[in-house]
Amino acid sequence: MIIRNLYWVVTAAVLAIIVHISMVLFAPGFLFDRNLNRLASDVPDNTFFILPAAAQSRIFPEYPSGTVFGLCRFNLTSGPVTLDANLPDGIWTLTVYSRFGRTLYTVTDEQSGVDTFSLQLAMAPGVLDVFSLNEDDTEVETSGWKVLSSDERGFAVFWVPALDKAMRESLSETLSKTSCGKAAV
Amino acid sequence: MARVSVKIFSVLCGVVGGWASALVFIDSVGSTPAGTAGTWRMWDLAAGTSSNPYARAHFLMEGRVPPAQSLFQVYTNTLDDDGSTLLSGCVYKISAKDLAARWWSLSVGPLNNEDSDSSAAVTSDEVVRDADGTLNVAMARYPVSGNWIRPAVEGTLTLQFVVSNTDGTQEPEDLKLPSVKRVSC
């Protein structure tokens with residue numbers, strides 16, 4: 001009986017492995033991307049915004065409500081994007097994620113030593129592009145902070161903790177001076 | 001007819017088996033026991049080749065942003081020190097000593113977005129310590145003097161402890177995680 005149905009037993013096992021891998025590697029990223037699209041549906045790409053408290057409690061539930069999160073959803077399809085950060089004095093972090101939630105880059109107040117800086121986000125060169133790069137193309141990489149992403153879409157998250165809820169407004173005001181837009185050519 | 005049933009059964013077994021095993025693995029394989037009591041679980045969110053896809057999926061499936069492990073360590077706990085499930089109807093005492101992180105946050109989930117009065121989190125910035133440096137936080141539905149966190153929902157609870165890694169003073173394994181003792185029910 002089992003031998004006769006061996007083909008279907010193997011099929012079930014292979015199908016289970018495919019579904020398992022898809023559920024772990026691909027489905028979460030797509031679900032998250034869809035959730036982020038829904039939360040920030042009215043914010044265009046390459047625009048910096050402070051995450052409203054209600055949305056914050058959904059995607060960062062383990063952080064207190066006084067904490068300020070600033071987001072920029074970047075799209076590198078039409079070229080590099082520059083993030084001009086303006087942060088309050090004190091603790092902060094910046095994390096750049098791919099659209100599926102993979103960490104690409106992190107920096108903190110202690111590592112940077114400054115509260116205002118520019119970060120350029122650009123597409124990582126493909127395998128073939130590496131052979132056709134000119135010497136000039138590498139110059140920009142030494143002139144400032146640059147993050148190369150293999151995914152054309154992603155998001156940058158600024159995190160600024162507050163002593164209490166009352167401080168959220170003033171921290172938001174400072175952080176909202178941050179901008180995110182297409183890099184000047 | 002019997003042949004068709006075998007085919008359908010095989011496909012169903014594969015899909016349901018793969019889906020169910022993924023859900024179980026996402027909740028169990030992505031985290032490891034932490035702390036002396038072993039009831040806290042540490043989420044393995046390292047970046048790059050050492051990243052744990054199950055841990056990342058745990059956050060993304062719920063629409064949450066996975067914290068970068070180089071910046072934050074996330075611990076969760078659904079049990080008290082005696083191994084009983086955390087319940088909203090009980091009062092708990094959460095204690096810690098020598099918590100040397102630059103910033104941390106202790107919160108209780110799940111959150112209720114409609115309950116704006118909920119005080120579901122306490123952070124290192126606002127917590128009051130005893131004279132000897134000991135930290136005591138009460139978790140209860142009703143006000144308790146001193147540091148207090150209030151579950152926003154009825155039923156089973158999850159404690160979330162987020163510790164900033166930015167100063168690099170402690171390895172995650174060396175951190176003395178808070179004890180969770182049931183006071184009354």
# chains A, B, ... in the order shown; residues from 1 in each chain; ligands from 1
call {"tool": "select_by_dssp", "arguments": {"residues": "region 51-144 of chain B", "states": "helix (DSSP H, G or I)", "output": "list in words"}}
result
Pro53, Tyr54, Ala55, Arg56, Ala57, His58, Phe59, Leu60 and Met61 of chain B
call {"tool": "write_last_selection", "arguments": {"atoms": "C-alpha atoms", "output": "PDB file, in the first residue's frame"}}
result
ATOM      1  CA  PRO B  53      15.211  33.571   9.324  1.00  0.00           C
ATOM      2  CA  TYR B  54      12.810  32.191  11.927  1.00  0.00           C
ATOM      3  CA  ALA B  55      13.505  35.066  14.334  1.00  0.00           C
ATOM      4  CA  ARG B  56      13.056  37.648  11.559  1.00  0.00           C
ATOM      5  CA  ALA B  57       9.842  35.954  10.436  1.00  0.00           C
ATOM      6  CA  HIS B  58       8.509  36.106  14.021  1.00  0.00           C
ATOM      7  CA  PHE B  59       8.560  39.902  13.887  1.00  0.00           C
ATOM      8  CA  LEU B  60       7.608  40.388  10.231  1.00  0.00           C
ATOM      9  CA  MET B  61       4.597  38.054  10.356  1.00  0.00           C
TER      10      MET B  61
END
call {"tool": "interface_residues", "arguments": {"of": "chain B", "to": "chain A", "cutoff": "6 Å", "atoms": "only C-alpha atoms", "output": "tab-separated table (two decimals) with N, CA and C atoms, in the first residue's frame"}}
result
chain	number	residue	atom	x	y	z
B	10	SER	N	-2.63	13.84	-0.16
B	10	SER	CA	-1.18	14.11	-0.17
B	10	SER	C	-0.90	15.60	-0.27
B	11	VAL	N	-1.61	16.25	-1.19
B	11	VAL	CA	-1.40	17.70	-1.37
B	11	VAL	C	-1.80	18.45	-0.09
B	14	GLY	N	0.80	17.97	2.59
B	14	GLY	CA	2.00	18.76	2.30
B	14	GLY	C	1.81	20.22	2.66
B	15	VAL	N	0.68	20.79	2.21
B	15	VAL	CA	0.44	22.22	2.44
B	15	VAL	C	0.24	22.50	3.94
B	17	GLY	N	0.99	20.57	6.51
B	17	GLY	CA	2.19	20.21	7.28
B	17	GLY	C	3.27	21.28	7.19
B	18	GLY	N	3.51	21.77	5.98
B	18	GLY	CA	4.52	22.82	5.78
B	18	GLY	C	4.14	24.11	6.48
B	19	TRP	N	2.86	24.45	6.41
B	19	TRP	CA	2.37	25.69	7.01
B	19	TRP	C	2.44	25.60	8.54
B	22	ALA	N	6.01	25.54	9.88
B	22	ALA	CA	6.62	26.88	9.79
B	22	ALA	C	6.19	27.73	10.98
B	57	ALA	N	11.23	36.24	10.82
B	57	ALA	CA	9.84	35.95	10.44
B	57	ALA	C	8.89	36.19	11.60
B	60	LEU	N	8.23	39.93	11.48
B	60	LEU	CA	7.61	40.39	10.23
B	60	LEU	C	6.19	39.86	10.07
B	61	MET	N	5.94	38.63	10.50
B	61	MET	CA	4.60	38.05	10.36
B	61	MET	C	3.56	38.87	11.11
B	63	GLY	N	3.76	42.05	11.42
B	63	GLY	CA	3.82	43.41	10.89
B	63	GLY	C	4.74	44.31	11.70
B	64	ARG	N	5.62	43.70	12.51
B	64	ARG	CA	6.54	44.48	13.34
B	64	ARG	C	7.90	44.59	12.69
B	65	VAL	N	8.61	45.67	13.00
B	65	VAL	CA	9.96	45.85	12.46
B	65	VAL	C	10.94	45.09	13.36
B	121	ALA	N	4.36	50.31	29.66
B	121	ALA	CA	5.83	50.26	29.57
B	121	ALA	C	6.49	51.16	30.61
B	125	ASP	N	14.78	55.59	31.66
B	125	ASP	CA	14.77	57.04	31.88
B	125	ASP	C	13.84	57.45	33.02
call {"tool": "residues_around", "arguments": {"residues": "Glu173 (chain A)", "least_positions_apart": "5", "cutoff": "12 Å", "atoms": "only C-alpha atoms", "output": "MDAnalysis selection string"}}
result
chainID A and resid 49:50 68:70 86:88 160 167:168 178
call {"tool": "write_last_selection", "arguments": {"atoms": "C-alpha atoms", "output": "PDB file, in the first residue's frame"}}
result
ATOM      1  CA  PHE A  49       7.678  61.533   8.220  1.00  0.00           C
ATOM      2  CA  ILE A  50       7.197  61.040  11.952  1.00  0.00           C
ATOM      3  CA  VAL A  68       9.695  58.954  18.556  1.00  0.00           C
ATOM      4  CA  PHE A  69      10.192  57.065  15.317  1.00  0.00           C
ATOM      5  CA  GLY A  70      10.915  58.842  12.042  1.00  0.00           C
ATOM      6  CA  ASN A  86      18.602  66.386  12.017  1.00  0.00           C
ATOM      7  CA  LEU A  87      18.545  64.730  15.409  1.00  0.00           C
ATOM      8  CA  PRO A  88      18.170  65.943  18.991  1.00  0.00           C
ATOM      9  CA  VAL A 160      14.725  58.709  19.591  1.00  0.00           C
ATOM     10  CA  MET A 167       8.806  65.221  25.548  1.00  0.00           C
ATOM     11  CA  ARG A 168       7.539  63.488  22.423  1.00  0.00           C
ATOM     12  CA  THR A 178      15.144  65.661   8.730  1.00  0.00           C
TER      13      THR A 178
END
call {"tool": "residues_around", "arguments": {"residues": "Leu157 (chain B)", "least_positions_apart": "5", "cutoff": "8 Å", "atoms": "only C-alpha atoms", "output": "ChimeraX atom specification"}}
result
/B:78,85-88,108-110,151
call {"tool": "select_by_dssp", "arguments": {"residues": "region 7-175 of chain B", "states": "strand (DSSP E)", "output": "count of residues only"}}
result
44
